[in-house]
Amino acid sequence: MMITRTHLALLGLVALTLAAMALPFLLDGYWLRLATTIAMFAIVTCGLNVIVGFAGYHAFGNTVFFGCGAYALSIAMNAGWSFSASLPLALLAPMLLAGLLGWPLLRLKGHYFAIATVALNLAFAELVTQAGGFTGGANGIALPLSDLAPQIAYRRIYWMMVAVLAVCIAVTWWLSRHWLGTALRALKDNESGAEVMGIDTVSAKILAWMISAAMTGLAGGIWAYWITFIEPSSAFDPLIGVKAYIMMLIGGMGTIAGPLIGALLLELFGALIWAQFLDLHRLLLGCLIVATALALPGGIVPLVRRALRPARPAR
Amino acid sequence: MTIEIKGLTVHYGDSQVLDRIDLVLPDRGMTALIGANGAGKTTLLRTLMGLVRPTAGEIIVDGRRMTGLDAEQRPALGLAMVPEGRRLFQGLSVHENLRMGAFARRDTVQIARDFERIYDQFPALVPLRRQLAGTLSGGQQQMCAVGRALMARPRYLLVDEMSLGLSPVVTEDLARTLSRIQETDGTSILVVEQDVELALDITNFGYVMETSRIVLSGPSDTLRANPKIREAYLGL
């Protein structure tokens, strides 16, 4: 059997995943928490990358799926379901939501779609708050505590995040070679042009948003299990989406490794630098967005790719 | 494949862009649609492709009414368009652009053969296959756009303003390629052109549009001899 680039890429992903899985044996609590956060944000950014980086639909309110996944898992666990039975709900509920709402919303273009998703996130936070009862309303929901010793439980959560992240990266990679990915990049460039090629653009966009929602929702579900207490303001926090956006821009929109690289850099940067400037950290975050947009419009991955490729001879 | 257009009327908002157009695009052969800027030629093509909804009238392809068919359902009927200004997918490579042309097809083996055919027709594209379409020159983009449309294996190819912004040499080259394809594959072709001389040169039949209406039609040679055409379009 020939060793192709596909095999090498898969091998690389598996090696990287295994290496990441070994980390908890080396890290103390603080750094393990940071590593878990990085993996979580990388998943959310992967989700964002599918709808924004590939399809070019700026889902500023993608956090709604994070909250939706978190609440789906929490409600199921409080109803007596086990964690492993509840986790699929954190994937299915957001996917269903994206499928149903994508049908009308993805017909909006440009800013209108972006604003509609922000409104969707706000509306959901409000809905969950007002619903009370099984959602806990404004009081939030506490999840049943795990029987495991905290150290073991945290390791398991980290492993789960890494495993889900690996799957998300693999899915992104698959998407980049599948007709759906090419169709999405085509409609990002020119939507009516894509239709003339015979692409059912509405279905392609809905599929993309469902994949995006599934990724984001899983991160939300595991996050809820991790912190054991969620409320509307934390689960639907728009800042989650904003951070994922910056991570995607830093890493490189529409790339495979971009979300991971962006999450790694921004979270490490955050932990090392702005933890020292607690009052200013939003200002720094804002400055970072501006600096990224100015200095690295395409993100890090395309920059590295260009640097690695030998210069083309002039034609 | 025959395309019949009956009483086709299109409005953009309040203004009428096509006014009860009747025409028949014959099976086989090349047909020209000529006329000044703003006459409605591009709108007619966009309506054929389903990108614009007519306010009245109908389009009948091989006896089948196209009313209500979305744009994405039309390639499967055998319609493909080379749009004005190329409109390539800038962020996709040349090869991916060609692949998009065959999106509606499922015959994988034949698609692979058609890639080779396109690269044979346009050898200049071979070294560029992995390059992003947005980085190509105008002529290269036009070859890619024609190649993309041909990848659909259309029975009717609609070509909009192919010569726009291209040098005469490149234009002639592309025109020859179209004639060759028409002969070898039996693909019917409609050329919409501002370069009237070129259009009448390579086609058998022509329609002339003026402010939303078809005002004249006939064999291309007859049109070329028509004093009105000579004065208005050929500057003779």
# chains A, B, ... in the order shown; residues from 1 in each chain; ligands from 1
$ closest_atom_pairs --of "chain B" --to "chain A" --cutoff "6 Å" --atoms "only C-alpha atoms" --output "JSON lines"
{"residue": "B:Ala71", "atom": "CA", "partner": "A:Val196", "partner_atom": "CA", "distance": 5.7}
{"residue": "B:Glu72", "atom": "CA", "partner": "A:Gly198", "partner_atom": "CA", "distance": 3.9}
{"residue": "B:Gln73", "atom": "CA", "partner": "A:Gly198", "partner_atom": "CA", "distance": 6.0}
{"residue": "B:Pro75", "atom": "CA", "partner": "A:Gly198", "partner_atom": "CA", "distance": 5.6}
{"residue": "B:Phe89", "atom": "CA", "partner": "A:Asp189", "partner_atom": "CA", "distance": 5.6}
{"residue": "B:Gly101", "atom": "CA", "partner": "A:Met197", "partner_atom": "CA", "distance": 5.6}
{"residue": "B:Ala104", "atom": "CA", "partner": "A:Gly198", "partner_atom": "CA", "distance": 5.3}
$ write_last_selection --atoms "C-alpha atoms" --output "PDB file, in the first residue's frame"
ATOM      1  CA  ALA B  71     -31.544  27.746 -11.039  1.00  0.00           C
ATOM      2  CA  GLU B  72     -29.842  24.739  -9.438  1.00  0.00           C
ATOM      3  CA  GLN B  73     -32.202  22.325 -11.194  1.00  0.00           C
ATOM      4  CA  PRO B  75     -27.931  22.236 -15.347  1.00  0.00           C
ATOM      5  CA  PHE B  89     -14.957  31.109  -8.046  1.00  0.00           C
ATOM      6  CA  GLY B 101     -18.968  22.727 -13.630  1.00  0.00           C
ATOM      7  CA  ALA B 104     -24.769  18.191 -11.282  1.00  0.00           C
TER       8      ALA B 104
END
$ residues_around --residues "range 198-215 of chain B" --least-positions-apart "3" --cutoff "8 Å" --atoms "only C-alpha atoms" --output "ChimeraX atom specification"
/B:16-22,29-36,38-41,175,179,191-193,195,218-221,223-224
$ write_last_selection --atoms "C-alpha atoms" --output "PDB file, in the first residue's frame"
ATOM      1  CA  GLN B  16     -39.492  46.543 -17.953  1.00  0.00           C
ATOM      2  CA  VAL B  17     -36.317  44.866 -19.187  1.00  0.00           C
ATOM      3  CA  LEU B  18     -37.743  42.239 -21.524  1.00  0.00           C
ATOM      4  CA  ASP B  19     -40.901  42.928 -23.476  1.00  0.00           C
ATOM      5  CA  ARG B  20     -42.761  39.895 -24.831  1.00  0.00           C
ATOM      6  CA  ILE B  21     -39.735  38.190 -26.327  1.00  0.00           C
ATOM      7  CA  ASP B  22     -40.478  35.381 -28.790  1.00  0.00           C
ATOM      8  CA  GLY B  29     -25.569  25.116 -34.720  1.00  0.00           C
ATOM      9  CA  MET B  30     -24.560  28.418 -33.293  1.00  0.00           C
ATOM     10  CA  THR B  31     -26.911  31.308 -32.812  1.00  0.00           C
ATOM     11  CA  ALA B  32     -26.042  34.933 -32.115  1.00  0.00           C
ATOM     12  CA  LEU B  33     -27.898  37.417 -29.956  1.00  0.00           C
ATOM     13  CA  ILE B  34     -26.629  40.909 -30.628  1.00  0.00           C
ATOM     14  CA  GLY B  35     -27.646  44.370 -29.573  1.00  0.00           C
ATOM     15  CA  ALA B  36     -26.505  47.499 -27.776  1.00  0.00           C
ATOM     16  CA  GLY B  38     -28.887  47.691 -21.955  1.00  0.00           C
ATOM     17  CA  ALA B  39     -30.974  45.987 -24.612  1.00  0.00           C
ATOM     18  CA  GLY B  40     -31.686  43.091 -22.249  1.00  0.00           C
ATOM     19  CA  LYS B  41     -29.405  40.372 -23.639  1.00  0.00           C
ATOM     20  CA  ALA B 175     -14.237  31.468 -30.847  1.00  0.00           C
ATOM     21  CA  SER B 179     -16.889  26.229 -33.209  1.00  0.00           C
ATOM     22  CA  VAL B 191     -23.405  33.640 -28.255  1.00  0.00           C
ATOM     23  CA  VAL B 192     -24.332  36.986 -26.812  1.00  0.00           C
ATOM     24  CA  GLU B 193     -21.829  39.488 -28.123  1.00  0.00           C
ATOM     25  CA  ASP B 195     -18.453  42.260 -31.019  1.00  0.00           C
ATOM     26  CA  GLY B 218     -32.338  36.024 -39.841  1.00  0.00           C
ATOM     27  CA  PRO B 219     -29.390  34.009 -41.110  1.00  0.00           C
ATOM     28  CA  SER B 220     -26.127  35.571 -39.980  1.00  0.00           C
ATOM     29  CA  ASP B 221     -24.981  36.305 -43.512  1.00  0.00           C
ATOM     30  CA  LEU B 223     -27.903  40.168 -41.118  1.00  0.00           C
ATOM     31  CA  ARG B 224     -24.371  41.110 -41.973  1.00  0.00           C
TER      32      ARG B 224
END
$ atom_distance --atom1 "CA of Tyr154 in chain A" --atom2 "CA of Pro24 in chain A"
9.1 Å
$ residues_around --residues "Gly57 in chain B" --least-positions-apart "3" --cutoff "8 Å" --atoms "only C-alpha atoms" --output "PyMOL selection string"
chain B and resi 5-9+20+54
$ write_last_selection --atoms "C-alpha atoms" --output "PDB file, in the first residue's frame"
ATOM      1  CA  ILE B   5     -39.213  31.368 -25.659  1.00  0.00           C
ATOM      2  CA  LYS B   6     -42.767  32.641 -25.786  1.00  0.00           C
ATOM      3  CA  GLY B   7     -43.900  36.107 -24.736  1.00  0.00           C
ATOM      4  CA  LEU B   8     -41.168  36.384 -22.133  1.00  0.00           C
ATOM      5  CA  THR B   9     -41.478  39.527 -20.062  1.00  0.00           C
ATOM      6  CA  ARG B  20     -42.761  39.895 -24.831  1.00  0.00           C
ATOM      7  CA  PRO B  54     -40.107  36.353 -15.507  1.00  0.00           C
TER       8      PRO B  54
END
$ closest_residue --among "B:Pro227, B:Gly165, B:Gly147, B:Pro26" --to "Phe115 in chain B" --atoms "only C-alpha atoms"
B:Gly147
$ residues_around --residues "range 74-76 of chain A" --least-positions-apart "5" --cutoff "8 Å" --atoms "only C-alpha atoms" --output "short mmCIF file (atom, residue, chain, number, x, y, z; two decimals) with N, CA and C atoms, in the first residue's frame"
data_model
loop_
_atom_site.label_atom_id
_atom_site.label_comp_id
_atom_site.auth_asym_id
_atom_site.auth_seq_id
_atom_site.Cartn_x
_atom_site.Cartn_y
_atom_site.Cartn_z
N TRP A 81 -30.83 10.95 33.62
CA TRP A 81 -30.06 10.26 32.59
C TRP A 81 -28.58 10.25 32.98
N SER A 86 -26.70 11.35 28.02
CA SER A 86 -27.10 12.75 27.79
C SER A 86 -26.25 13.43 26.74
N PHE A 134 -37.97 23.33 34.42
CA PHE A 134 -36.86 22.41 34.19
C PHE A 134 -35.58 23.09 33.71
N THR A 135 -35.68 24.36 33.22
CA THR A 135 -34.44 25.03 32.81
C THR A 135 -33.81 25.76 34.00
N ILE A 141 -28.94 25.95 36.50
CA ILE A 141 -29.10 24.54 36.86
C ILE A 141 -27.79 24.03 37.45
N ALA A 142 -27.91 23.30 38.57
CA ALA A 142 -26.74 22.59 39.07
C ALA A 142 -26.82 21.16 38.55
N LEU A 143 -25.68 20.62 38.12
CA LEU A 143 -25.68 19.26 37.60
C LEU A 143 -25.35 18.28 38.72
N GLY A 221 -21.94 20.97 25.93
CA GLY A 221 -22.37 19.88 26.80
C GLY A 221 -21.27 19.45 27.75
N ALA A 224 -20.65 22.06 30.39
CA ALA A 224 -21.63 22.08 31.48
C ALA A 224 -21.29 21.00 32.52
N TYR A 225 -20.93 19.83 32.03
CA TYR A 225 -20.59 18.72 32.92
C TYR A 225 -19.34 19.06 33.72
#
$ closest_residue --among "A:Met247, A:Ala59, A:Leu288, A:Ala93" --to "Ile115 in chain A" --atoms "only C-alpha atoms"
A:Ala59
$ residues_around --residues "range 31-35 of chain A" --least-positions-apart "5" --cutoff "9 Å" --atoms "only C-alpha atoms" --output "short mmCIF file (atom, residue, chain, number, x, y, z; two decimals) with C-alpha atoms, in the first residue's frame"
data_model
loop_
_atom_site.label_atom_id
_atom_site.label_comp_id
_atom_site.auth_asym_id
_atom_site.auth_seq_id
_atom_site.Cartn_x
_atom_site.Cartn_y
_atom_site.Cartn_z
CA LEU A 23 -0.51 15.90 29.00
CA PRO A 24 -2.61 15.48 32.21
CA LEU A 26 2.55 16.28 33.36
CA MET A 40 -13.01 23.55 24.27
CA TYR A 154 -11.06 16.60 35.37
CA ARG A 155 -8.68 14.34 33.46
CA TYR A 158 -9.95 16.97 29.32
CA LEU A 264 -3.81 27.83 21.53
CA GLU A 267 -5.63 31.30 25.43
CA LEU A 268 -1.91 31.08 26.18
CA ALA A 271 -3.11 33.22 30.58
#
$ select_by_dssp --residues "range 33-180 of chain B" --states "alpha helix (DSSP H)" --output "ChimeraX atom specification"
/B:41-48,94-101,108-121,138-150,168-180
$ select_by_dssp --residues "range 15-192 of chain B" --states "strand (DSSP E or B)" --output "PyMOL selection string"
chain B and resi 15-25+30-35+56-61+64-65+79-82+93+132+156-160+188-192
$ closest_residue --among "B:Arg28, B:Arg148, B:Arg53, B:Arg86" --to "Ala102 in chain B" --atoms "only C-alpha atoms"
B:Arg148
$ closest_residue --among "A:Trp226, A:Gly252, A:Ser176, A:Trp103" --to "Trp159 in chain A" --atoms "only C-alpha atoms"
A:Trp226
$ closest_residue --among "A:Ala39, A:Cys68, A:Leu145, A:Leu180" --to "Ser82 in chain A" --atoms "only C-alpha atoms"
A:Leu145
